[in-house]
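This report refers to the structure that appears directly beneath it.
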Amino acid sequence: MCPSVDLDGWLEAFEGLAGRLDRRFARPESRRRMRRFLRGLMAGLPRVNCWTLAEYAGEASPGGMQHFLAAAVWDDDGLRADLRDYVVERFGDPEAVFVFDETGDVKKGSRTVGVQRQYTGTAGRVENAQVAVYLTYATPAGHAFLDNALYMPKSWMADPERRRAAGVPDDLEFATKPALARRLVETALDTGVPGRWATGDEVYGNDPALRAALARRGLGYVLAVARTHQIDTKAGRRKAIDLAVTLPATAWNRISAGSGAKGQRLYDWALVATTDQDLPGQHHLLIRRNITTGEYAFYRAHSPALVPLAAYVRVAGIRWNVDIDYAQCI
């Protein structure tokens with residue numbers, strides 16, 4: 001269950017945020033529409049589209065919502081900057097964690113920008129969907145979306161006519177999901193958002209360019225990788241799983257990755273030093289072992305300076321908590 005909120009306090013906070021956004025809209029009608037639109041998005045509707053948002057706002061047709069999205073004039077970059085400022089004012093922390101994740105909106109047609117049959121975690125399978133990469137800002141005080149970027153599949157990028165019909169800019173180039181994540185976090189850092197860590201699933205952990213970019217920006221990271229992921233060690237290149245099964249009992253430490261619905265999330269953890277000669281800082285393979293089933297999970301872990309094992313575990317646990325919270329509340 002999502003936590004209950006004080007209605008009067010929520011309305012005051014909502015109007016405070018909406019008032020900050022007013023300057024980004026050219027017309028007063030759009031400012032009023034923005035408030036109706038945001039309230040609908042936060043209403044927990046079973047399905048979110050222009051019809052359901054209009055019905056929630058007490059409107060007879062979706063035309064107003066459709067015009068707001070398709071034709072109203074607003075400052076997109078300004079709105080993103082306002083969101084970043086708002087989140088940092090409330091949650092800003094030099095130890096914050098940037099969380100990379102992707103989510104998809106299942107679609108029926110083929111004209112929505114970026115839609116194609118692709119895997120989406122929202123449905124847990126391959127569906128006709130539009131997928132975006134999200135950057136979440138997480139601290140002990142709370143977490144919130146900070147930015148996002150639409151993923152444009154190669155099938156779209158190779159079809160000029162389809163792009164033109166959907167209004168896709170001519171200068172837009174294909175970018176992988178890790179490349180989009182890199183742009184998002186670099187924008188956050190360049191605009192002064194404080195943070196120390198980054199984390200994400202295997203889509204991001206398996207990308208060496210993203211890992212290198214994070215290390216060179218001075219961010220630590222805990223990024224999931226596959227059991228077959230190749231790790232460079234002083235003894236040579238090894239698969240992650242092969243390293244895990246040869247570790248002695250003394251290598252494992254039982255540490256909580258945070259509290260869950262059933263109490264502390266206790267796992268056995270181990271670190272194996274890795275060699276990333278061209279990159280600054282400390283580099284490890286972080287291994288998690290389920291204390292009941294013995295199942296393993298693996299992460300590429302980095303910190304600019306030496307940190308205790310528990311620091312890496314904390315970052316890994318934050319990603320799980322964020323995922324669970326979104327599944328419950330969004």
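If you're wondering about the labels, chains in the structure tokens are A, B, ... by order shown, residues count from 1 in each chain, ligands from 1 in order shown.
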message = as a ChimeraX atom specification, please: the residues near stretch 35-52 of chain A (cut-off 10 Å, only C-alpha atoms, same-chain neighbours under 2 positions excluded).
response = /A:14-15,17-19,21-22,30-33,54-69,105,329-330
Please produce an output containing C-alpha atoms for each residue in the selection, written as a PDB file, in the first residue's frame.
ATOM      1  CA  PHE A  14       0.671  20.641  -5.484  1.00  0.00           C
ATOM      2  CA  GLU A  15      -0.314  24.265  -6.031  1.00  0.00           C
ATOM      3  CA  LEU A  17       4.693  23.177  -7.651  1.00  0.00           C
ATOM      4  CA  ALA A  18       2.114  24.082 -10.301  1.00  0.00           C
ATOM      5  CA  GLY A  19       2.680  27.770  -9.605  1.00  0.00           C
ATOM      6  CA  LEU A  21       5.528  25.701 -13.648  1.00  0.00           C
ATOM      7  CA  ASP A  22       3.114  28.389 -14.851  1.00  0.00           C
ATOM      8  CA  SER A  30      -2.606  25.740 -20.816  1.00  0.00           C
ATOM      9  CA  ARG A  31      -1.739  26.535 -17.213  1.00  0.00           C
ATOM     10  CA  ARG A  32      -5.193  25.447 -16.077  1.00  0.00           C
ATOM     11  CA  ARG A  33      -4.999  22.365 -18.289  1.00  0.00           C
ATOM     12  CA  ALA A  54     -10.733  14.018 -19.318  1.00  0.00           C
ATOM     13  CA  GLU A  55     -13.341  11.964 -17.459  1.00  0.00           C
ATOM     14  CA  TYR A  56     -11.450  12.433 -14.180  1.00  0.00           C
ATOM     15  CA  ALA A  57     -11.399  16.183 -14.808  1.00  0.00           C
ATOM     16  CA  GLY A  58     -15.168  16.163 -15.439  1.00  0.00           C
ATOM     17  CA  GLU A  59     -14.887  16.872 -19.156  1.00  0.00           C
ATOM     18  CA  ALA A  60     -17.208  15.396 -21.790  1.00  0.00           C
ATOM     19  CA  SER A  61     -14.540  14.583 -24.397  1.00  0.00           C
ATOM     20  CA  PRO A  62     -10.755  14.085 -24.631  1.00  0.00           C
ATOM     21  CA  GLY A  63     -10.281  16.976 -27.047  1.00  0.00           C
ATOM     22  CA  GLY A  64      -8.850  19.383 -24.473  1.00  0.00           C
ATOM     23  CA  MET A  65      -6.300  16.874 -23.196  1.00  0.00           C
ATOM     24  CA  GLN A  66      -5.339  15.902 -26.747  1.00  0.00           C
ATOM     25  CA  HIS A  67      -4.815  19.537 -27.733  1.00  0.00           C
ATOM     26  CA  PHE A  68      -2.719  20.107 -24.604  1.00  0.00           C
ATOM     27  CA  LEU A  69      -0.347  17.288 -25.563  1.00  0.00           C
ATOM     28  CA  ASP A 105       3.602   1.917 -22.146  1.00  0.00           C
ATOM     29  CA  CYS A 329       2.342   3.297  -6.214  1.00  0.00           C
ATOM     30  CA  ILE A 330       2.378   3.990  -9.949  1.00  0.00           C
TER      31      ILE A 330
END
Hey, which of A:Glu29, A:Asp207, A:Asp85, A:Asp159 ends up closest to A:Ala72? Count only C-alpha atoms.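 Nearest to A:Ala72: A:Glu29.
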All residues 10 Å or closer to A:Ser110, only C-alpha atoms, same chain fewer than 3 positions away omitted, as a PyMOL selection string:
chain A and resi 107+113-117+128-130+162
Between A:Leu172, A:Ile231, A:Ala212, A:Ala224, smallest distance to A:Pro160 by only C-alpha atoms belongs to A:Leu172
*Sel. of strand (DSSP E or B) residues, stretch 3-237 of chain A, as an NGL selection string*: :A and (25 or 74 or 97-106 or 116-120 or 125-139 or 142-150 or 197-200 or 220-225 or 230-233 or 236-237)
To test your reading of the structure, identify every residue in stretch 147-210 of chain A that backbone DSSP assigns to helix (DSSP H, G or I), and report it as a PyMOL selection string. chain A and resi 154-157+160-166+177-190+202-205+208-210
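The smallest atom-to-atom distance between A:Leu214 and any of A:Asp147, A:Glu186, A:Glu202, A:Asp171, using only C-alpha atoms, is found for A:Glu186.
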Env of A:Pro140: 9 Å cut, atoms = only C-alpha atoms, seq-sep filter 2 positions within chain, self excluded. Answer as a PyMOL selection string. chain A and resi 91+93+96+138+142-143
Would you put the residues from that selection into a file with N, CA and C atoms, as a tab-separated table (two decimals), in the first residue's frame?
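Output file again-v3.tsv is given in full below:
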chain	number	residue	atom	x	y	z
A	91	PHE	N	15.17	16.70	-1.64
A	91	PHE	CA	15.91	15.46	-1.38
A	91	PHE	C	17.42	15.60	-1.57
A	93	ASP	N	21.21	15.55	-1.70
A	93	ASP	CA	22.10	14.87	-0.76
A	93	ASP	C	23.39	14.51	-1.52
A	96	ALA	N	23.57	10.92	-2.63
A	96	ALA	CA	22.42	10.43	-3.39
A	96	ALA	C	22.83	9.40	-4.43
A	138	ALA	N	17.54	9.12	-5.65
A	138	ALA	CA	17.17	8.41	-4.43
A	138	ALA	C	18.09	8.79	-3.27
A	142	GLY	N	13.89	10.26	0.55
A	142	GLY	CA	12.87	9.92	-0.43
A	142	GLY	C	13.47	9.81	-1.82
A	143	HIS	N	12.63	9.53	-2.79
A	143	HIS	CA	13.11	9.43	-4.16
A	143	HIS	C	12.05	9.95	-5.12
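Proximity of A:Arg300, A:Leu309, A:Trp10, A:Tyr119 to A:Trp252, computed with only C-alpha atoms, is greatest for A:Leu309.
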Just checking: using only C-alpha atoms, which residue out of A:Ser256, A:Thr122, A:Asn206, A:Thr292 ends up closest to A:Ala179?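 Residue with the minimum atom-to-atom distance to A:Ala179: A:Asn206.
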request  = Go through A:Arg265, A:Lys108, A:His302, A:Arg80 and flag the residue nearest A:Leu279, using only C-alpha atoms for the distances.
outcome  =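 Distance minimum relative to A:Leu279 lands on A:His302.
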- prompt: What's the 10 Å shell around A:Val73, counting only C-alpha atoms, without same-chain residues fewer than 6 positions away, as a PyMOL selection string?
  reply: chain A and resi 24-27+30
So that I can check the surroundings of A:Arg20, please list as a PyMOL selection string every protein, DNA and RNA residue that reaches within 10 Å of it, counting only C-alpha atoms and ignoring chain neighbours fewer than 4 positions away.
chain A and resi 15-16+24+79+82-83+86
Taken to one decimal, the atom CA of A:Arg125-atom CA of A:Ala165 distance is 28.3 Å
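One distance worth recording is that between atom CA of A:Ala249 and atom CA of A:Asp268, which is 10.2 Å.
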